[in-house]
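In what follows, a single structure is set out as C-alpha cells and then discussed.
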Amino acid sequence: MWAPRSTLDQLEDRPWLSKRADAVLESNSLRRSLWQRFELGPLARRNGCSLVFAPGGVATTTFRPVVTMCRNMLPFEPKELRRFGLSAQTARLMILRLAQARSFRQASGVIFLTAYARSVIADRVGPISGVDAVVPHGIDGRFFEVQPEERSTGERPLEIVYVSIVDHYKHQDAVSEAVARLAAAGAPVHLTLVGPAYAPALRRLRRTLARVDPEGRCVEYAGPMEYKDIHAAYARADIGLFASSCENMPNILLEKMAAGLPIACSNRGPMPEILGDAGVYFDPESVDGIMVSLMTLIGDPSLRNRLAGDARRRASQYSWGLCAEQTFAFLARVADTAERGRGEPGS
C-alpha cells in the first residue's frame with residue numbers, strides 16, 4: 001500500500017501488508033496526480049504487483065489491470081451541483097467529474113457502494129470497459145452497542161439529532177425551520193445539529209436560525225465532533241434525522257440505524273435502498289414534509305419503537321468484514337481475468 005505516512009500509521013501491521021510511504025503523497029493534489037500517472041505504474045511493476053486498486057475514484061496510472069471505486073455522487077448530480085453556484089467548489093466538482101468519468105470508463109473494474117450509484121453512473125457516464133460490482137461499506141460495531149441514556153421523561157422535549165457536515169445539499173436550514181415551527185406549535189422537540197461546516201452553507205444556516213429560533217430554544221448547532229465520540233450523540237437522542245439529497249453510501253444513516261434510533265429520512269438517492277421500510281420519509285427541500293414526518297414519529301411511541309428495532313436489524317446486514325471479503329474477491333477476480341488474458345495465444 002502506497003499512502004501518506006499519517007494513513008499508514010493508522011493501519012495495523014499484518015504479515016501480508018507492505019506499507020510504502022512516499023513524500024510526494026504528502027504534497028498537493030496536482031503533484032499526487034502526476035505521481036500516480038507517471039510513477040505508480042513503474043513502482044507497481046518493480047514490486048511485482050498484479051493489480052492496482054485506486055479507491056479514490058481517479059485512476060490515472062498506466063498500470064493494468066486497475067480497479068477504482070465510486071464514492072462521491074456530487075459531481076454526477078447536476079441539480080446538486082447547481083446549489084454551489086459560480087464558485088471554486090463547483091469548478092472543483094466539475095473537474096472531478098471529468099477525471100472520475102474517464103477513470104470509470106477505462107478501468108478494468110469499478111466498485112460501486114450502492115445499486116443507486118451504479119445506476120446513476122451508467123446513465124451519466126455511459127458504458128464502462130471493465131467489470132463492476134456493488135460492495136457496500138460496513139459499520140463500526142460500537143454503534144450497535146448504543147443504548148439510549150436514562151433521562152427523566154416529564155416535560156422534557158424529544159431530542160432529535162442530525163449528524164452531518166453543514167452543506168447546501170444537507171438541508172440543515174429546512175430541518176431547523178421545520179423543528180422551530182413544530183416547537184412554536186407546542187410540539188415537545190429539540191434539534192441538535194452536529195458536524196463541521198462548508199462556510200457558505202453555515203452562513204445560510206445561521207441566517208435561518210436567527211429568523212426562526214433567535215433565542216436558541218429549540219435548535220442547537222453543536223459544531224464538529226470527533227468520530228470516536230459520535231455514538232454518544234446518538235445515545236442522547238430520541239429520534240434520528242437524515243436530510244441529505246445527494247449521497248453515495250450514507251454511512252451516517254447506517255450509524256443511526258445501528259444505534260437503534262427511529263429515523264425520519266430524506267427520500268432521495270440511495271436512502272430508501274439502505275433504510276427500506278424501517279423509517280419515515282420526506283422531501284428534504286420541503287419544510288412541511290419534514291414537519292409531517294417528525295410529527296408522525298413524535299405522536300406515535302409504538303411506531304418509534306418498532307422502527308428503531310427494524311432499523312437496527314436492517315443495519316446488521318452491513319459489516320466491514322463482509323465488505324473486505326467481497327472487495328478482495330472482486331480484486332482477485334479482476335487480476336485473475338487479466339492474467340488469463342495475458343496467457344492466451346496471440347494476446
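Each chain in the C-alpha cells gets a letter, A, B and so on, in the order shown; residues start at 1 in every chain, and ligands are counted from 1 in the order they appear.
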
**Message:** DSSP on the backbone: which residues in region 229-340 of chain A end up as helix (DSSP H, G or I)? Give the answer as a PyMOL selection string.
**Reply:** chain A and resi 229-235+251-258+271-275+287-298+301-315+320-340

**Request:** Quick one: everything within 8 Å of Leu205 (chain A), counting only C-alpha atoms, minus sequence neighbours fewer than 3 positions away in the same chain. Send it as an NGL selection string.
**Result:** :A and (172-173 or 201-202 or 208-209)

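For the set A:Asp140, A:Glu26, A:Glu255, A:Asp310, the residue with the smallest atom-to-atom gap to Tyr162 (chain A) is A:Glu255, counting only C-alpha atoms.
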
**Asked** What is the CA of Thr60 (chain A) to CA of Leu113 (chain A) distance in Å?
**Response**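 Interatomic distance, CA of Thr60 (chain A) to CA of Leu113 (chain A): 21.0 Å.
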
**8 Å contact set for region 95-108 of chain A, only C-alpha atoms, chain neighbours under 6 positions out, as a PyMOL selection string** = chain A and resi 57-60+64-68+75-76+125-131+334

Please produce a file of the residues just selected, as a JSON list (two decimals), in the first residue's frame, where the atoms kept are N, CA and C atoms.
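Just written: result-v6.json:
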```json
[["chain", "number", "residue", "atom", "x", "y", "z"],
["A", 57, "GLY", "N", -11.34, 7.01, -6.68],
["A", 57, "GLY", "CA", -12.23, 7.34, -7.79],
["A", 57, "GLY", "C", -11.51, 7.82, -9.03],
["A", 58, "VAL", "N", -10.28, 8.31, -8.89],
["A", 58, "VAL", "CA", -9.49, 8.76, -10.04],
["A", 58, "VAL", "C", -8.30, 7.84, -10.19],
["A", 59, "ALA", "N", -8.23, 7.14, -11.31],
["A", 59, "ALA", "CA", -7.14, 6.20, -11.58],
["A", 59, "ALA", "C", -6.45, 6.62, -12.87],
["A", 60, "THR", "N", -5.34, 7.35, -12.74],
["A", 60, "THR", "CA", -4.63, 7.83, -13.93],
["A", 60, "THR", "C", -3.41, 6.99, -14.27],
["A", 64, "ARG", "N", -1.96, -1.75, -15.70],
["A", 64, "ARG", "CA", -3.16, -2.55, -15.90],
["A", 64, "ARG", "C", -2.93, -3.96, -15.38],
["A", 65, "PRO", "N", -3.92, -4.54, -14.73],
["A", 65, "PRO", "CA", -5.28, -4.03, -14.52],
["A", 65, "PRO", "C", -5.34, -3.04, -13.36],
["A", 66, "VAL", "N", -6.33, -2.15, -13.43],
["A", 66, "VAL", "CA", -6.54, -1.18, -12.36],
["A", 66, "VAL", "C", -8.03, -1.18, -12.00],
["A", 67, "VAL", "N", -8.29, -1.12, -10.71],
["A", 67, "VAL", "CA", -9.67, -1.06, -10.21],
["A", 67, "VAL", "C", -9.83, 0.24, -9.43],
["A", 68, "THR", "N", -10.94, 0.90, -9.62],
["A", 68, "THR", "CA", -11.23, 2.10, -8.85],
["A", 68, "THR", "C", -12.61, 1.98, -8.20],
["A", 75, "PRO", "N", -20.38, 15.11, -8.03],
["A", 75, "PRO", "CA", -20.00, 15.53, -9.38],
["A", 75, "PRO", "C", -20.98, 15.06, -10.46],
["A", 76, "PHE", "N", -21.80, 14.07, -10.17],
["A", 76, "PHE", "CA", -22.66, 13.47, -11.19],
["A", 76, "PHE", "C", -24.15, 13.81, -11.01],
["A", 125, "VAL", "N", -22.36, 8.49, -17.31],
["A", 125, "VAL", "CA", -21.02, 8.25, -17.85],
["A", 125, "VAL", "C", -21.06, 7.37, -19.09],
["A", 126, "GLY", "N", -22.04, 6.49, -19.15],
["A", 126, "GLY", "CA", -22.11, 5.55, -20.27],
["A", 126, "GLY", "C", -21.40, 4.26, -19.92],
["A", 127, "PRO", "N", -21.27, 3.37, -20.90],
["A", 127, "PRO", "CA", -20.68, 2.05, -20.64],
["A", 127, "PRO", "C", -19.24, 2.16, -20.14],
["A", 128, "ILE", "N", -18.90, 1.30, -19.20],
["A", 128, "ILE", "CA", -17.51, 1.19, -18.75],
["A", 128, "ILE", "C", -16.91, -0.04, -19.40],
["A", 129, "SER", "N", -15.61, 0.00, -19.62],
["A", 129, "SER", "CA", -14.96, -1.08, -20.38],
["A", 129, "SER", "C", -14.73, -2.32, -19.52],
["A", 130, "GLY", "N", -14.62, -2.13, -18.21],
["A", 130, "GLY", "CA", -14.33, -3.26, -17.34],
["A", 130, "GLY", "C", -15.57, -3.84, -16.68],
["A", 131, "VAL", "N", -15.34, -4.66, -15.67],
["A", 131, "VAL", "CA", -16.44, -5.25, -14.91],
["A", 131, "VAL", "C", -16.75, -4.36, -13.71],
["A", 334, "VAL", "N", -10.66, -9.74, -10.93],
["A", 334, "VAL", "CA", -10.15, -8.87, -11.99],
["A", 334, "VAL", "C", -8.70, -9.23, -12.32]]
```

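Taking CA of Ala54 (chain A) as the reference point, CA of Ile252 (chain A) is found at 23.6 Å.
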
**Message:** Report as a ChimeraX atom specification all protein, DNA and RNA residues lying within 12 Å of region 313-323 of chain A, evaluated on only C-alpha atoms, omitting residues in the same chain fewer than 4 positions from it.
**Reply:** /A:111-114,133-145,249-261,272-279,306-309,327-330

**Prompt:** Between A:Ala264, A:Ile165, A:Ala115, A:Met295, which one has atoms that come closest to Val189 (chain A), using only C-alpha atoms?
**Reply:** A:Met295

**Prompt:** Any idea what's packed within 12 Å of Ser176 (chain A), counting only C-alpha atoms, ignoring anything in its chain fewer than 2 positions away? Could you give it as a VMD selection string?
**Reply:** chain A and resid 160 to 162 166 170 to 174 178 to 183 189 to 193 204 to 214 216 to 221 241 243 284 to 288 290 to 291 294

**Request:** Compare A:Asp300, A:Asp336, A:Asp22, A:Asp13 by their minimum atom-to-atom distance to Leu40 (chain A), counting only C-alpha atoms, and give me the closest one.
**Result:**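 Result for the nearest residue to Leu40 (chain A): A:Asp22.
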
**Request:** Using only C-alpha atoms, determine which residues lie at most 12 Å from Ser18 (chain A), disregarding the query and same-chain residues fewer than 4 positions distant; provide the list as an MDAnalysis selection string.
**Result:** chainID A and resid 1:3 8 11:14 47 49

**Request:** Name the residues of region 80-209 of chain A that fall into strand (DSSP E) according to DSSP on the backbone, using the chain letters and numbers of this document, as a ChimeraX atom specification.
**Result:** /A:109-112,131-134,158-163,189-194

**Asked** A:Arg203, A:Arg312, A:Lys79, A:Lys228: which is nearest Tyr169 (chain A), counting only C-alpha atoms?
**Response** A:Lys79

Check which residues of region 171-255 of chain A sit at most 12 Å from region 301-304 of chain A using only C-alpha atoms, and return one row each with the closest pair of atoms and their distance in Å to one decimal, ordered by chain and rising number, as CSV.
```
residue,atom,partner,partner_atom,distance
A:Asp238,CA,A:Arg304,CA,8.8
A:Ile239,CA,A:Arg304,CA,8.1
A:Gly240,CA,A:Arg304,CA,10.4
```

Output file for the selection above: N, CA and C atoms, as a short mmCIF file (atom, residue, chain, number, x, y, z; two decimals), in the first residue's frame:
```
data_model
loop_
_atom_site.label_atom_id
_atom_site.label_comp_id
_atom_site.auth_asym_id
_atom_site.auth_seq_id
_atom_site.Cartn_x
_atom_site.Cartn_y
_atom_site.Cartn_z
N ASP A 238 -33.61 10.80 20.89
CA ASP A 238 -34.83 10.01 20.80
C ASP A 238 -35.18 9.70 19.35
N ILE A 239 -34.79 10.59 18.45
CA ILE A 239 -35.11 10.46 17.02
C ILE A 239 -33.88 10.82 16.21
N GLY A 240 -33.58 10.04 15.19
CA GLY A 240 -32.51 10.36 14.26
C GLY A 240 -33.10 10.97 13.00
#
```
